[in-house]
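Structure file run.cif (mmCIF, C-alpha atoms) is printed below.
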data_target
#
loop_
_atom_site.label_atom_id
_atom_site.label_comp_id
_atom_site.auth_asym_id
_atom_site.auth_seq_id
_atom_site.Cartn_x
_atom_site.Cartn_y
_atom_site.Cartn_z
CA MET A 13 94.53 61.48 102.77
CA SER A 14 97.04 64.13 101.87
CA ALA A 15 100.28 64.45 103.79
CA SER A 16 99.94 68.22 103.94
CA PRO A 17 97.56 69.79 106.41
CA THR A 18 94.12 71.02 105.40
CA TYR A 19 92.15 73.88 106.86
CA GLY A 20 90.00 71.49 108.86
CA GLU A 21 92.89 69.50 110.28
CA LEU A 22 94.70 72.67 111.26
CA THR A 23 91.77 74.30 112.94
CA ASN A 24 90.68 71.07 114.63
CA GLN A 25 94.10 70.75 116.19
CA GLY A 26 93.59 74.01 118.01
CA ALA A 27 95.04 77.43 117.69
CA SER A 28 98.52 76.71 119.01
CA THR A 29 99.28 74.00 116.46
CA ASN A 30 97.77 76.15 113.77
CA ILE A 31 99.98 79.10 114.63
CA ALA A 32 103.04 76.90 114.96
CA TRP A 33 102.57 75.52 111.47
CA HIS A 34 101.97 79.01 110.09
CA GLN A 35 105.05 80.60 111.47
CA ALA A 36 107.57 77.84 111.81
CA SER A 37 109.25 78.48 108.51
CA VAL A 38 108.99 82.25 108.14
CA ASP A 39 109.94 84.11 111.27
CA ARG A 40 112.37 86.98 111.60
CA ALA A 41 115.32 84.67 112.14
CA ALA A 42 114.54 82.71 108.98
CA ARG A 43 114.40 85.91 106.96
CA ALA A 44 117.67 87.14 108.45
CA GLU A 45 119.34 83.87 107.52
CA GLN A 46 118.03 83.99 103.97
CA ARG A 47 118.98 87.64 103.45
CA GLY A 48 122.28 87.65 105.26
CA HIS A 49 121.45 90.53 107.57
CA ARG A 50 119.38 91.31 110.64
CA SER A 51 116.59 93.84 110.64
CA ALA A 52 116.56 96.99 112.76
CA ILE A 53 114.79 100.30 113.24
CA LEU A 54 116.98 103.33 112.52
CA TRP A 55 115.12 106.18 114.17
CA PHE A 56 116.40 109.54 112.88
CA THR A 57 115.39 112.50 115.05
CA GLY A 58 116.24 116.19 114.84
CA LEU A 59 115.00 119.66 113.98
CA SER A 60 113.30 120.47 110.70
CA GLY A 61 116.10 121.07 108.19
CA SER A 62 118.64 119.05 110.17
CA GLY A 63 119.00 116.55 107.34
CA LYS A 64 117.09 113.55 108.73
CA SER A 65 115.38 112.65 105.51
CA THR A 66 118.46 113.40 103.40
CA LEU A 67 120.65 111.20 105.59
CA ALA A 68 118.06 108.44 105.92
CA ASN A 69 117.61 108.27 102.16
CA ALA A 70 121.35 108.30 101.54
CA VAL A 71 121.85 105.45 104.04
CA ASN A 72 118.94 103.65 102.41
CA ALA A 73 120.60 103.94 99.00
CA ALA A 74 123.93 102.72 100.38
CA LEU A 75 122.30 99.68 102.00
CA PHE A 76 120.26 98.94 98.87
CA GLN A 77 123.45 98.96 96.81
CA ARG A 78 124.73 96.22 99.13
CA GLY A 79 121.63 94.19 98.33
CA LEU A 80 119.98 94.62 101.74
CA ALA A 81 116.25 94.91 102.43
CA THR A 82 115.47 98.46 103.54
CA TYR A 83 112.71 101.06 103.59
CA VAL A 84 112.33 104.72 104.58
CA LEU A 85 109.27 106.00 106.42
CA ASP A 86 109.02 109.78 106.31
CA GLY A 87 106.52 112.57 105.97
CA ASP A 88 106.14 111.99 102.26
CA ASN A 89 104.71 108.50 102.56
CA VAL A 90 103.11 108.61 106.03
CA ARG A 91 101.54 112.03 106.59
CA HIS A 92 99.33 111.86 103.48
CA GLY A 93 98.44 108.22 103.98
CA LEU A 94 98.33 106.33 107.27
CA CYS A 95 98.30 109.53 109.34
CA LYS A 96 96.30 111.82 107.10
CA ASP A 97 93.55 111.98 109.72
CA LEU A 98 95.95 113.54 112.22
CA GLY A 99 96.73 117.22 112.76
CA PHE A 100 99.37 118.88 114.88
CA SER A 101 97.77 119.01 118.31
CA ASP A 102 99.74 117.41 121.13
CA ALA A 103 97.50 114.35 121.07
CA ASP A 104 97.74 114.01 117.30
CA ARG A 105 101.52 114.40 117.28
CA GLU A 106 101.76 111.66 119.90
CA GLU A 107 99.44 109.38 117.92
CA ASN A 108 101.43 110.10 114.76
CA ILE A 109 104.65 108.90 116.38
CA ARG A 110 102.86 105.94 117.98
CA ARG A 111 101.63 104.71 114.61
CA ILE A 112 105.04 105.22 113.03
CA GLY A 113 106.58 103.17 115.83
CA GLU A 114 104.04 100.39 115.29
CA VAL A 115 104.57 100.35 111.51
CA ALA A 116 108.34 100.34 112.01
CA LYS A 117 107.86 97.30 114.26
CA LEU A 118 105.99 95.52 111.46
CA PHE A 119 108.80 96.22 109.01
CA LEU A 120 111.30 95.04 111.63
CA ASP A 121 109.34 91.81 111.98
CA SER A 122 109.34 91.42 108.20
CA GLY A 123 113.13 91.41 108.16
CA VAL A 124 113.60 94.91 106.77
CA ILE A 125 116.00 97.59 108.01
CA VAL A 126 113.51 100.44 108.37
CA LEU A 127 114.63 104.05 108.59
CA THR A 128 112.21 106.58 110.10
CA ALA A 129 112.80 110.29 109.51
CA PHE A 130 110.54 112.46 111.63
CA VAL A 131 111.28 115.41 113.93
CA SER A 132 109.83 113.35 116.82
CA PRO A 133 110.70 116.13 119.29
CA PHE A 134 109.45 114.52 122.50
CA ARG A 135 111.62 112.07 124.40
CA ALA A 136 108.65 110.23 125.87
CA ASP A 137 107.21 109.49 122.42
CA ARG A 138 110.54 108.21 121.10
CA ASP A 139 111.00 106.09 124.19
CA LYS A 140 107.58 104.53 123.67
CA ALA A 141 108.58 103.57 120.13
CA ARG A 142 111.80 102.09 121.50
CA ALA A 143 109.90 100.13 124.14
CA LEU A 144 107.86 98.33 121.45
CA VAL A 145 110.85 96.27 120.38
CA ASP A 146 113.73 94.34 121.92
CA ASP A 147 117.00 95.85 123.08
CA GLY A 148 119.30 96.34 120.12
CA ASP A 149 116.50 96.58 117.57
CA PHE A 150 116.04 100.33 118.00
CA ILE A 151 118.93 102.54 116.94
CA GLU A 152 118.30 106.21 117.65
CA ILE A 153 120.26 108.59 115.44
CA HIS A 154 120.31 112.19 116.55
CA CYS A 155 120.76 114.56 113.61
CA ALA A 156 122.28 117.32 115.72
CA ALA A 157 122.50 120.39 113.50
CA ASP A 158 122.34 123.74 115.29
CA LEU A 159 119.08 125.63 115.04
CA GLU A 160 120.87 128.46 113.22
CA VAL A 161 122.03 126.07 110.51
CA CYS A 162 118.61 124.48 110.14
CA GLU A 163 116.94 127.87 109.96
CA SER A 164 119.41 129.12 107.36
CA ARG A 165 118.67 126.09 105.19
CA ASP A 166 114.89 126.28 105.71
CA PRO A 167 114.29 124.03 102.68
CA LYS A 168 110.51 124.18 103.01
CA GLY A 169 110.24 127.79 104.17
CA LEU A 170 108.78 126.63 107.46
CA TYR A 171 111.08 128.60 109.77
CA ALA A 172 110.19 131.83 107.97
CA LYS A 173 106.51 131.07 108.46
CA ALA A 174 107.07 130.13 112.11
CA ARG A 175 108.96 133.39 112.75
CA ALA A 176 106.10 135.26 111.11
CA GLY A 177 103.67 133.57 113.46
CA GLN A 178 101.98 131.69 110.62
CA ILE A 179 102.83 128.31 112.13
CA LYS A 180 102.07 127.77 115.80
CA GLU A 181 104.14 125.48 117.99
CA PHE A 182 106.96 124.98 115.54
CA THR A 183 109.76 122.84 116.94
CA GLY A 184 112.82 124.89 117.84
CA ILE A 185 110.97 128.22 117.59
CA SER A 186 107.81 127.99 119.64
CA SER A 187 107.82 124.35 120.75
CA PRO A 188 110.68 122.48 122.45
CA TYR A 189 112.97 119.89 120.89
CA GLU A 190 113.98 117.38 123.55
CA ALA A 191 117.36 116.14 122.38
CA PRO A 192 118.17 112.47 123.04
CA GLN A 193 120.24 111.88 126.17
CA ALA A 194 121.64 108.55 125.11
CA ALA A 195 121.13 108.12 121.38
CA GLU A 196 123.03 105.23 119.83
CA LEU A 197 124.52 107.72 117.38
CA LYS A 198 124.79 111.51 117.32
CA ILE A 199 125.86 113.10 114.07
CA ASP A 200 126.56 116.79 113.49
CA THR A 201 124.52 117.04 110.34
CA GLY A 202 125.11 120.79 110.38
CA SER A 203 128.79 120.62 109.47
CA GLN A 204 129.64 117.05 108.55
CA GLU A 205 129.63 115.92 104.95
CA LEU A 206 126.79 113.67 103.94
CA ALA A 207 129.02 110.87 102.72
CA GLU A 208 130.87 110.83 106.05
CA SER A 209 127.59 110.75 107.94
CA VAL A 210 126.47 107.79 105.88
CA ASP A 211 129.72 105.99 106.71
CA LEU A 212 129.14 106.57 110.43
CA VAL A 213 125.74 104.92 110.24
CA ILE A 214 127.01 102.01 108.17
CA LYS A 215 129.85 101.44 110.65
CA ALA A 216 127.40 101.51 113.56
CA LEU A 217 125.29 98.85 111.85
CA GLN A 218 128.36 96.69 111.25
CA GLU A 219 129.58 97.04 114.83
CA ARG A 220 126.16 96.04 116.12
CA GLY A 221 126.04 93.01 113.87
CA VAL A 222 122.99 94.20 111.94
CA ILE A 223 124.81 94.02 108.60
CA PRO A 224 127.94 92.13 107.62
CA ALA A 225 131.29 93.89 107.53
CA ALA A 226 132.21 95.23 104.11
CA MET B 36 134.93 120.40 97.51
CA SER B 37 133.59 116.91 97.58
CA ALA B 38 132.00 115.37 94.50
CA SER B 39 129.17 113.95 96.56
CA PRO B 40 126.35 116.25 97.61
CA THR B 41 126.18 117.73 101.10
CA TYR B 42 123.09 118.56 103.12
CA GLY B 43 123.49 122.26 102.30
CA GLU B 44 123.95 121.74 98.59
CA LEU B 45 120.96 119.46 98.44
CA THR B 46 118.63 121.73 100.33
CA ASN B 47 119.86 124.84 98.52
CA GLN B 48 119.02 123.24 95.20
CA GLY B 49 115.39 123.09 96.16
CA ALA B 50 113.04 120.37 97.12
CA SER B 51 112.63 118.75 93.71
CA THR B 52 116.34 118.13 93.21
CA ASN B 53 116.57 116.96 96.77
CA ILE B 54 113.80 114.42 96.33
CA ALA B 55 115.17 113.27 92.98
CA TRP B 56 118.55 112.51 94.51
CA HIS B 57 116.91 110.71 97.42
CA GLN B 58 114.82 108.39 95.42
CA ALA B 59 116.58 107.97 92.12
CA SER B 60 118.34 104.76 93.05
CA VAL B 61 115.79 103.05 95.30
CA ASP B 62 112.30 103.10 93.94
CA ARG B 63 109.93 100.21 93.58
CA ALA B 64 111.20 99.33 90.12
CA ALA B 65 114.80 99.17 91.36
CA ARG B 66 113.81 96.82 94.16
CA ALA B 67 111.84 94.63 91.77
CA GLU B 68 114.85 94.37 89.48
CA GLN B 69 117.17 93.48 92.35
CA ARG B 70 114.80 90.91 93.83
CA GLY B 71 113.54 89.38 90.62
CA HIS B 72 109.86 89.88 91.41
CA ARG B 73 107.25 92.61 91.56
CA SER B 74 105.42 93.55 94.73
CA ALA B 75 101.68 93.24 95.20
CA ILE B 76 98.95 93.32 97.81
CA LEU B 77 97.16 90.00 98.26
CA TRP B 78 93.98 90.94 100.07
CA PHE B 79 92.34 87.85 101.60
CA THR B 80 88.71 88.36 102.62
CA GLY B 81 86.14 85.97 104.03
CA LEU B 82 84.17 84.90 107.07
CA SER B 83 85.81 84.13 110.38
CA GLY B 84 87.00 80.51 110.14
CA SER B 85 87.11 80.54 106.34
CA GLY B 86 90.86 79.99 106.35
CA LYS B 87 92.16 83.44 105.36
CA SER B 88 95.04 83.46 107.80
CA THR B 89 95.85 79.78 107.24
CA LEU B 90 95.97 80.26 103.47
CA ALA B 91 97.82 83.58 103.64
CA ASN B 92 100.49 82.08 105.89
CA ALA B 93 100.82 78.98 103.70
CA VAL B 94 101.23 81.16 100.60
CA ASN B 95 103.71 83.29 102.51
CA ALA B 96 105.76 80.21 103.36
CA ALA B 97 105.68 78.98 99.76
CA LEU B 98 106.86 82.36 98.46
CA PHE B 99 109.55 82.60 101.13
CA GLN B 100 110.86 79.21 100.09
CA ARG B 101 111.31 80.65 96.60
CA GLY B 102 113.40 83.45 98.10
CA LEU B 103 110.81 86.18 97.60
CA ALA B 104 110.20 89.17 99.90
CA THR B 105 106.84 88.73 101.63
CA TYR B 106 104.94 89.64 104.78
CA VAL B 107 101.58 88.79 106.36
CA LEU B 108 99.43 91.40 108.09
CA ASP B 109 96.73 89.84 110.24
CA GLY B 110 94.95 90.26 113.51
CA ASP B 111 97.90 88.92 115.44
CA ASN B 112 100.30 91.69 114.49
CA VAL B 113 97.90 94.56 113.78
CA ARG B 114 95.03 94.48 116.26
CA HIS B 115 97.29 94.61 119.32
CA GLY B 116 99.64 97.16 117.82
CA LEU B 117 98.82 99.73 115.18
CA CYS B 118 95.07 99.38 115.71
CA LYS B 119 94.93 98.71 119.43
CA ASP B 120 93.08 101.99 119.96
CA LEU B 121 90.19 100.77 117.79
CA GLY B 122 87.11 98.83 118.85
CA PHE B 123 84.42 97.21 116.76
CA SER B 124 82.03 100.07 116.07
CA ASP B 125 81.27 100.76 112.40
CA ALA B 126 83.61 103.76 112.41
CA ASP B 127 86.40 101.82 114.10
CA ARG B 128 86.07 98.86 111.73
CA GLU B 129 86.30 101.22 108.79
CA GLU B 130 89.36 102.97 110.26
CA ASN B 131 90.93 99.57 110.97
CA ILE B 132 90.67 98.56 107.32
CA ARG B 133 91.79 102.02 106.18
CA ARG B 134 95.01 101.75 108.20
CA ILE B 135 95.65 98.22 106.99
CA GLY B 136 95.23 99.42 103.41
CA GLU B 137 97.70 102.25 104.01
CA VAL B 138 100.26 99.96 105.66
CA ALA B 139 99.86 97.44 102.85
CA LYS B 140 100.59 100.28 100.42
CA LEU B 141 103.84 101.05 102.29
CA PHE B 142 104.91 97.41 102.05
CA LEU B 143 103.98 97.41 98.37
CA ASP B 144 106.16 100.49 97.87
CA SER B 145 108.99 98.74 99.70
CA GLY B 146 108.96 95.93 97.15
CA VAL B 147 107.31 93.32 99.36
CA ILE B 148 104.46 90.99 98.44
CA VAL B 149 102.16 91.75 101.37
CA LEU B 150 99.31 89.41 102.32
CA THR B 151 96.47 90.83 104.42
CA ALA B 152 94.13 88.43 106.23
CA PHE B 153 91.12 90.21 107.72
CA VAL B 154 87.39 89.51 107.48
CA SER B 155 86.99 92.97 105.87
CA PRO B 156 83.27 92.35 105.33
CA PHE B 157 82.31 95.62 103.66
CA ARG B 158 82.79 96.07 99.93
CA ALA B 159 83.22 99.84 100.23
CA ASP B 160 86.12 99.46 102.67
CA ARG B 161 87.89 96.91 100.47
CA ASP B 162 87.37 99.09 97.42
CA LYS B 163 88.93 102.05 99.24
CA ALA B 164 92.01 99.95 99.96
CA ARG B 165 92.10 98.93 96.30
CA ALA B 166 91.81 102.54 95.18
CA LEU B 167 94.98 103.48 97.10
CA VAL B 168 97.18 101.64 94.61
CA ASP B 169 97.50 101.18 90.87
CA ASP B 170 95.55 98.68 88.80
CA GLY B 171 97.15 95.27 89.07
CA ASP B 172 98.74 95.92 92.45
CA PHE B 173 95.70 94.81 94.44
CA ILE B 174 94.72 91.16 94.17
CA GLU B 175 91.55 90.34 96.07
CA ILE B 176 91.25 86.72 97.14
CA HIS B 177 87.84 85.63 98.33
CA CYS B 178 88.06 82.75 100.80
CA ALA B 179 84.59 81.46 100.05
CA ALA B 180 83.81 78.81 102.62
CA ASP B 181 80.15 78.34 103.46
CA LEU B 182 78.97 79.76 106.75
CA GLU B 183 78.08 76.25 107.94
CA VAL B 184 81.65 75.08 107.41
CA CYS B 185 83.14 78.12 109.12
CA GLU B 186 80.78 77.74 112.07
CA SER B 187 81.56 74.05 112.40
CA ARG B 188 85.29 74.85 112.53
CA ASP B 189 84.86 77.81 114.90
CA PRO B 190 88.57 77.74 115.81
CA LYS B 191 88.29 80.61 118.27
CA GLY B 192 84.86 79.76 119.65
CA LEU B 193 83.51 83.03 118.29
CA TYR B 194 80.47 81.63 116.50
CA ALA B 195 79.31 79.94 119.68
CA LYS B 196 79.60 83.24 121.52
CA ALA B 197 77.83 85.09 118.72
CA ARG B 198 74.96 82.57 118.74
CA ALA B 199 74.72 82.99 122.49
CA GLY B 200 74.44 86.74 122.02
CA GLN B 201 77.77 87.39 123.75
CA ILE B 202 79.23 89.05 120.65
CA LYS B 203 77.16 91.71 118.95
CA GLU B 204 77.36 92.33 115.20
CA PHE B 205 79.34 89.23 114.37
CA THR B 206 79.91 88.84 110.64
CA GLY B 207 77.73 86.14 109.10
CA ILE B 208 75.49 85.88 112.16
CA SER B 209 74.34 89.34 113.12
CA SER B 210 76.24 91.53 110.66
CA PRO B 211 76.46 91.12 106.88
CA TYR B 212 79.36 89.80 104.85
CA GLU B 213 79.40 91.52 101.48
CA ALA B 214 81.06 89.00 99.19
CA PRO B 215 83.30 90.38 96.43
CA GLN B 216 81.58 90.70 93.06
CA ALA B 217 84.74 90.62 91.00
CA ALA B 218 87.58 89.28 93.11
CA GLU B 219 90.71 88.39 91.19
CA LEU B 220 90.51 84.94 92.78
CA LYS B 221 87.75 83.02 94.53
CA ILE B 222 88.72 79.87 96.37
CA ASP B 223 86.39 77.43 98.05
CA THR B 224 88.37 77.20 101.25
CA GLY B 225 85.59 75.12 102.73
CA SER B 226 86.25 72.05 100.65
CA GLN B 227 89.49 72.53 98.76
CA GLU B 228 92.76 71.22 100.12
CA LEU B 229 95.14 73.81 101.47
CA ALA B 230 98.00 72.77 99.19
CA GLU B 231 95.75 73.12 96.14
CA SER B 232 94.59 76.54 97.30
CA VAL B 233 98.20 77.64 97.66
CA ASP B 234 98.89 76.46 94.11
CA LEU B 235 95.97 78.52 92.78
CA VAL B 236 97.37 81.67 94.37
CA ILE B 237 100.90 80.98 93.13
CA LYS B 238 99.59 80.39 89.61
CA ALA B 239 97.63 83.65 89.72
CA LEU B 240 100.79 85.52 90.73
CA GLN B 241 102.71 83.91 87.89
CA GLU B 242 100.01 84.66 85.32
CA ARG B 243 99.94 88.29 86.42
CA GLY B 244 103.70 88.59 86.18
CA VAL B 245 104.18 89.31 89.89
CA ILE B 246 106.53 86.38 90.37
CA PRO B 247 108.54 84.42 87.81
CA ALA B 248 107.22 81.11 86.48
CA ALA B 249 108.54 78.12 88.40
#

Step by step, read the file and then write its structure as structure tokens.
Amino acid sequence: MSASPTYGELTNQGASTNIAWHQASVDRAARAEQRGHRSAILWFTGLSGSGKSTLANAVNAALFQRGLATYVLDGDNVRHGLCKDLGFSDADREENIRRIGEVAKLFLDSGVIVLTAFVSPFRADRDKARALVDDGDFIEIHCAADLEVCESRDPKGLYAKARAGQIKEFTGISSPYEAPQAAELKIDTGSQELAESVDLVIKALQERGVIPAA
Amino acid sequence: MSASPTYGELTNQGASTNIAWHQASVDRAARAEQRGHRSAILWFTGLSGSGKSTLANAVNAALFQRGLATYVLDGDNVRHGLCKDLGFSDADREENIRRIGEVAKLFLDSGVIVLTAFVSPFRADRDKARALVDDGDFIEIHCAADLEVCESRDPKGLYAKARAGQIKEFTGISSPYEAPQAAELKIDTGSQELAESVDLVIKALQERGVIPAA
């Protein structure tokens, strides 16, 4: 007989033993120990044009340069893939954020610092994503640029279309943005330099013990 | 003026420049170089009780011990989260596998070797997941235990319920399992020892250049 377990032995011992053997060596804590940092969800929220994706990707690059495991979820890799069946109705927007929260939780479990960059305008939807994980694992970052600044940037031309009535229920114009009341971090991405904003996020991660001090 | 880009500069330069700056330093190739291994999707398919999850988790542990970035997607972390809105109708099963394929693609993009362990009985659904990624990124592993062996293990008591008519459309009993015709790897998980099966998968990853030789 072999010293290592076989399929039959595992399954005959019942599900609990089976699961214990599966997971004993590779849980979140084991990954954190091997990698030298905890995982976390950095949930960037703010108006279109507020700089969520720019900031998330810049933080991502800064963390990667330190050798940390990271990933950015944003419209580019989610809307045309996992959520391509969803439109922009209230129900679909809610389901979109629900799935993003669930996928972020999987990345969290895998030991990755995952950065999500979506408008996510509704407080209830963000709070549901937060409720999926433990306290301290969800770090909400409010990209708080004024509407005027966002509209003047209008990188995708969406505000112009919304003003022209070509986009219905556009956040900030014809649909509300519910700003966070107690975000872990609020950054004025309208006036602050990008590099300074990145530093603020990095410092927050160090203070919370997610990543080691420099 | 700062030498580093600001939100305004980035967005004023247009979307293409913006995206280039975002992603230049942290694409899949950069992660592979930093980590010393490529990413891949290891798609385990087979009957209930064939040992998919057992083998996937054992491979995961073996890769983790080598310091590689890995993650397992299985019923435990997907069915009660991302796919908790789905039942077992044909449409829901198809959507379940579609979402798993899309999430696996995100992990692949993040530089992780992701192992999926689902019955995934229909060839068309597996082929759709394969088609989401480039050639060589999708490694299908057929856990080919005989039905008799799987039913004799019956770790969750599902076969007994299916035989008693308490579960409708149970794969192998009342719903077909479409075995892969050209899986990258076929393992007799009914008779082969677990440790040997793990070695076969590791060797396949080495031969394909996903992970370095031992």

* Please write as a PyMOL selection string the full residue list that the PyMOL selection byres ((chain A and resi 121-129) around 9) yields on this file. => (chain A and resi 39-44+47+49-58+64-69+71-72+75+80-87+112-113+116-120+130-132+222) or (chain B and resi 104-107)

* Residues at most 9 Å from Arg142 (chain A), counting all atoms listed in the file, excluding those fewer than 3 positions away in the same chain, as a PyMOL selection string? -> chain A and resi 53+113+137-139+145-147+149-152

* Result set of the PyMOL selection byres ((chain B and resi 119) around 12) on the coordinates above, as a list of chain:residue names -> A:Glu107, A:Arg110, A:Arg111, A:Glu114, B:Gly110, B:Asp111, B:Asn112, B:Val113, B:Arg114, B:His115, B:Gly116, B:Leu117, B:Cys118, B:Asp120, B:Leu121, B:Gly122, B:Phe123, B:Asp127, B:Arg128, B:Glu130, B:Asn131, B:Arg134

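Between CA of Val138 (chain B) and CA of Val115 (chain A) lies a distance of 7.3 Å.
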
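Nearest residue to chain B among A:Leu197, A:Cys162, A:Ile185, A:Leu59 is A:Cys162, counting only C-alpha atoms.
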
When you look at Ile199 (chain A) with a cut-off of 7 Å (counting all atoms listed in the file), what residues show up, excluding the ones that are within fewer than 3 positions of it in the same chain? I need them as a PDB file with C-alpha atoms, in the frame of the given file.
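part.pdb written:
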ATOM      1  CA  HIS A 154     120.310 112.190 116.550  1.00  0.00           C
ATOM      2  CA  CYS A 155     120.760 114.560 113.610  1.00  0.00           C
ATOM      3  CA  ALA A 156     122.280 117.320 115.720  1.00  0.00           C
ATOM      4  CA  SER A 209     127.590 110.750 107.940  1.00  0.00           C
TER       5      SER A 209
END

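The gap separating CA of Val61 (chain B) from CA of Thr183 (chain A) is 29.9 Å, in Å to one decimal.
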
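Atom pair CA of Ala93 (chain B) / CA of Leu235 (chain B): separated by 12.0 Å.
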
* Asked: Can you list what the PyMOL selection byres ((chain B and resi 186) around 12) grabs from this structure, as number ranges by chain?
  -> A: 20, 23; B: 82-86, 180-185, 187-198, 205-208, 225

Output C-alpha atoms of each residue in that selection to a file, as a short mmCIF file (atom, residue, chain, number, x, y, z; two decimals), keeping the file's coordinate frame.
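As a result, out-v6.cif now contains:
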data_model
loop_
_atom_site.label_atom_id
_atom_site.label_comp_id
_atom_site.auth_asym_id
_atom_site.auth_seq_id
_atom_site.Cartn_x
_atom_site.Cartn_y
_atom_site.Cartn_z
CA GLY A 20 90.00 71.49 108.86
CA THR A 23 91.77 74.30 112.94
CA LEU B 82 84.17 84.90 107.07
CA SER B 83 85.81 84.13 110.38
CA GLY B 84 87.00 80.51 110.14
CA SER B 85 87.11 80.54 106.34
CA GLY B 86 90.86 79.99 106.35
CA ALA B 180 83.81 78.81 102.62
CA ASP B 181 80.15 78.34 103.46
CA LEU B 182 78.97 79.76 106.75
CA GLU B 183 78.08 76.25 107.94
CA VAL B 184 81.65 75.08 107.41
CA CYS B 185 83.14 78.12 109.12
CA SER B 187 81.56 74.05 112.40
CA ARG B 188 85.29 74.85 112.53
CA ASP B 189 84.86 77.81 114.90
CA PRO B 190 88.57 77.74 115.81
CA LYS B 191 88.29 80.61 118.27
CA GLY B 192 84.86 79.76 119.65
CA LEU B 193 83.51 83.03 118.29
CA TYR B 194 80.47 81.63 116.50
CA ALA B 195 79.31 79.94 119.68
CA LYS B 196 79.60 83.24 121.52
CA ALA B 197 77.83 85.09 118.72
CA ARG B 198 74.96 82.57 118.74
CA PHE B 205 79.34 89.23 114.37
CA THR B 206 79.91 88.84 110.64
CA GLY B 207 77.73 86.14 109.10
CA ILE B 208 75.49 85.88 112.16
CA GLY B 225 85.59 75.12 102.73
#

* So, counting all atoms listed in the file, which residue among B:Glu242, B:Glu68, B:Asp234, B:Glu228 is closest to chain A? -> B:Glu228

Could you list, as a tab-separated table (two decimals) with C-alpha atoms, keeping the file's coordinate frame, every residue within 6 Å of region 186-193 of chain A, counting all atoms listed in the file and ignoring same-chain residues fewer than 6 positions away?
chain	number	residue	atom	x	y	z
A	133	PRO	CA	110.70	116.13	119.29
A	134	PHE	CA	109.45	114.52	122.50
A	135	ARG	CA	111.62	112.07	124.40

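Remark: for chain B, the closest of the candidate residues A:Ala176, A:Ala194, A:Leu217, A:Leu144 is A:Leu144 (distances computed over all atoms listed in the file).
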
* Structure fact -> Using all atoms listed in the file, the shortest atom-to-atom distance to chain B among A:Ala143, A:Gln218, A:Ala136, A:Gly79 belongs to A:Gly79

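Remark: for Ala195 (chain A), the closest of the candidate residues A:Val213, A:Ile109, A:Ile153, A:Ala225 is A:Ile153 (distances computed over all atoms listed in the file).
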
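Of the residues listed (A:Ala226, A:Ala103, A:Ile179, A:Leu206), A:Leu206 shows the shortest atom-to-atom separation from chain B; distances use all atoms listed in the file.
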